>>> print(open('model18.cif').read())   # mmCIF, C-alpha atoms, pLDDT in the B column; chains and numbers go by the auth columns
data_protein
#
loop_
_atom_site.group_PDB
_atom_site.id
_atom_site.type_symbol
_atom_site.label_atom_id
_atom_site.label_comp_id
_atom_site.label_asym_id
_atom_site.label_seq_id
_atom_site.Cartn_x
_atom_site.Cartn_y
_atom_site.Cartn_z
_atom_site.B_iso_or_equiv
_atom_site.auth_seq_id
_atom_site.auth_asym_id
ATOM 1 C CA MET A 1 0.000 0.000 0.000 57.00 1 A
ATOM 2 C CA ILE A 2 1.441 3.335 -1.024 66.00 2 A
ATOM 3 C CA HIS A 3 1.173 5.983 1.660 72.00 3 A
ATOM 4 C CA LEU A 4 0.019 9.169 -0.026 74.00 4 A
ATOM 5 C CA LYS A 5 1.197 11.294 2.892 78.00 5 A
ATOM 6 C CA LYS A 6 4.768 10.106 2.296 81.00 6 A
ATOM 7 C CA TYR A 7 4.749 11.347 -1.295 84.00 7 A
ATOM 8 C CA SER A 8 2.401 14.310 -0.900 88.00 8 A
ATOM 9 C CA LEU A 9 4.998 17.021 -1.602 90.00 9 A
ATOM 10 C CA THR A 10 6.160 15.221 -4.734 91.00 10 A
ATOM 11 C CA VAL A 11 2.588 14.805 -6.010 92.00 11 A
ATOM 12 C CA ILE A 12 1.726 18.442 -5.271 93.00 12 A
ATOM 13 C CA GLY A 13 4.902 19.599 -7.022 95.00 13 A
ATOM 14 C CA ALA A 14 4.117 17.433 -10.038 95.00 14 A
ATOM 15 C CA GLY A 15 0.614 18.904 -10.239 96.00 15 A
ATOM 16 C CA ILE A 16 1.865 22.460 -10.028 96.00 16 A
ATOM 17 C CA GLY A 17 4.572 21.707 -12.588 96.00 17 A
ATOM 18 C CA LEU A 18 2.055 20.088 -14.918 96.00 18 A
ATOM 19 C CA VAL A 19 -0.104 23.204 -14.937 97.00 19 A
ATOM 20 C CA GLY A 20 2.954 25.452 -15.166 96.00 20 A
ATOM 21 C CA GLY A 21 4.355 23.504 -18.113 94.00 21 A
ATOM 22 C CA PHE A 22 1.063 23.723 -19.964 95.00 22 A
ATOM 23 C CA LEU A 23 0.753 27.451 -19.305 95.00 23 A
ATOM 24 C CA TYR A 24 4.332 27.965 -20.473 92.00 24 A
ATOM 25 C CA TRP A 25 3.520 26.162 -23.724 91.00 25 A
ATOM 26 C CA LYS A 26 0.320 28.165 -24.181 92.00 26 A
ATOM 27 C CA TYR A 27 1.709 31.648 -23.518 92.00 27 A
ATOM 28 C CA VAL A 28 5.410 31.364 -24.406 89.00 28 A
ATOM 29 C CA GLY A 29 5.854 28.178 -26.410 84.00 29 A
ATOM 30 C CA CYS A 30 7.899 27.801 -29.547 83.00 30 A
ATOM 31 C CA LEU A 31 6.755 29.469 -32.739 78.00 31 A
ATOM 32 C CA SER A 32 9.002 27.552 -35.132 80.00 32 A
ATOM 33 C CA GLY A 33 8.084 24.083 -33.822 74.00 33 A
ATOM 34 C CA THR A 34 11.721 23.009 -33.565 85.00 34 A
ATOM 35 C CA CYS A 35 11.976 23.245 -29.777 87.00 35 A
ATOM 36 C CA PRO A 36 11.835 19.685 -28.404 86.00 36 A
ATOM 37 C CA ILE A 37 10.145 20.544 -25.094 85.00 37 A
ATOM 38 C CA THR A 38 8.004 23.613 -25.711 85.00 38 A
ATOM 39 C CA SER A 39 6.696 22.745 -29.190 85.00 39 A
ATOM 40 C CA SER A 40 4.167 20.254 -27.802 88.00 40 A
ATOM 41 C CA PRO A 41 1.748 20.746 -24.884 91.00 41 A
ATOM 42 C CA VAL A 42 2.270 17.135 -23.783 93.00 42 A
ATOM 43 C CA ASN A 43 6.058 17.424 -23.688 92.00 43 A
ATOM 44 C CA SER A 44 5.951 20.775 -21.947 94.00 44 A
ATOM 45 C CA SER A 45 3.438 19.571 -19.344 96.00 45 A
ATOM 46 C CA LEU A 46 5.321 16.350 -18.614 95.00 46 A
ATOM 47 C CA TYR A 47 8.620 18.209 -18.304 95.00 47 A
ATOM 48 C CA GLY A 48 7.003 20.684 -15.916 96.00 48 A
ATOM 49 C CA ALA A 49 5.527 17.832 -13.857 96.00 49 A
ATOM 50 C CA VAL A 50 8.895 16.094 -13.518 96.00 50 A
ATOM 51 C CA MET A 51 10.695 19.307 -12.605 96.00 51 A
ATOM 52 C CA GLY A 52 7.990 20.349 -10.115 96.00 52 A
ATOM 53 C CA GLY A 53 7.986 16.930 -8.461 94.00 53 A
ATOM 54 C CA LEU A 54 11.763 16.875 -8.184 94.00 54 A
ATOM 55 C CA PHE A 55 11.891 20.415 -6.835 94.00 55 A
ATOM 56 C CA LEU A 56 9.364 19.912 -4.039 92.00 56 A
ATOM 57 C CA ASN A 57 10.898 16.523 -3.265 90.00 57 A
ATOM 58 C CA LEU A 58 13.962 18.445 -2.093 89.00 58 A
ATOM 59 C CA PHE A 59 11.967 19.725 0.897 85.00 59 A
ATOM 60 C CA LYS A 60 10.804 16.305 2.068 79.00 60 A
ATOM 61 C CA LYS A 61 11.988 15.421 5.566 78.00 61 A
ATOM 62 C CA GLU A 62 13.634 12.033 5.989 75.00 62 A
ATOM 63 C CA ASN A 63 12.451 9.792 8.823 71.00 63 A
ATOM 64 C CA LYS A 64 15.286 8.053 10.641 67.00 64 A
#
>>> encode(input="model18.cif", output="structure tokens")
Amino acid sequence: MIHLKKYSLTVIGAGIGLVGGFLYWKYVGCLSGTCPITSSPVNSSLYGAVMGGLFLNLFKKENK
């Protein structure tokens, strides 16, 4: 059983990053279509989710 409380910061960060990545694609994006991350809303959203999850995971306290 996965404990959601244990991974809550990572999940919240991934959600925020997902929305942020999509908004970045929508308002900034890549006009030429040659940018590998920002040319597609899926790529941009997934990249944002990974970065957001990793960033908030830095603040997770370790139980010893």
>>> closest_residue(input="model18.cif", among="A:Leu58, A:Leu4, A:Cys30, A:Ile16", to="Ser45 of chain A", atoms="all atoms listed in the file")
A:Ile16
>>> closest_residue(input="model18.cif", among="A:Tyr24, A:Gly15, A:Thr10, A:His3", to="Ser44 of chain A", atoms="only C-alpha atoms")
A:Tyr24
>>> residues_around(input="model18.cif", residues="Ala14 of chain A", least_positions_apart="2", cutoff="12 Å", atoms="only C-alpha atoms", output="list in words")
Tyr7, Ser8, Leu9, Thr10, Val11, Ile12, Ile16, Gly17, Leu18, Val19, Gly20, Gly21, Ser45, Leu46, Tyr47, Gly48, Ala49, Val50, Met51, Gly52, Gly53, Leu54, Phe55, Leu56 and Asn57 of chain A
>>> atom_distance(input="model18.cif", atom1="atom CA of Asn63 of chain A", atom2="atom CA of Gly13 of chain A")
20.1 Å
>>> closest_residue(input="model18.cif", among="A:Phe59, A:Ser40, A:Lys6, A:Cys35", to="Leu23 of chain A", atoms="all atoms listed in the file")
A:Ser40
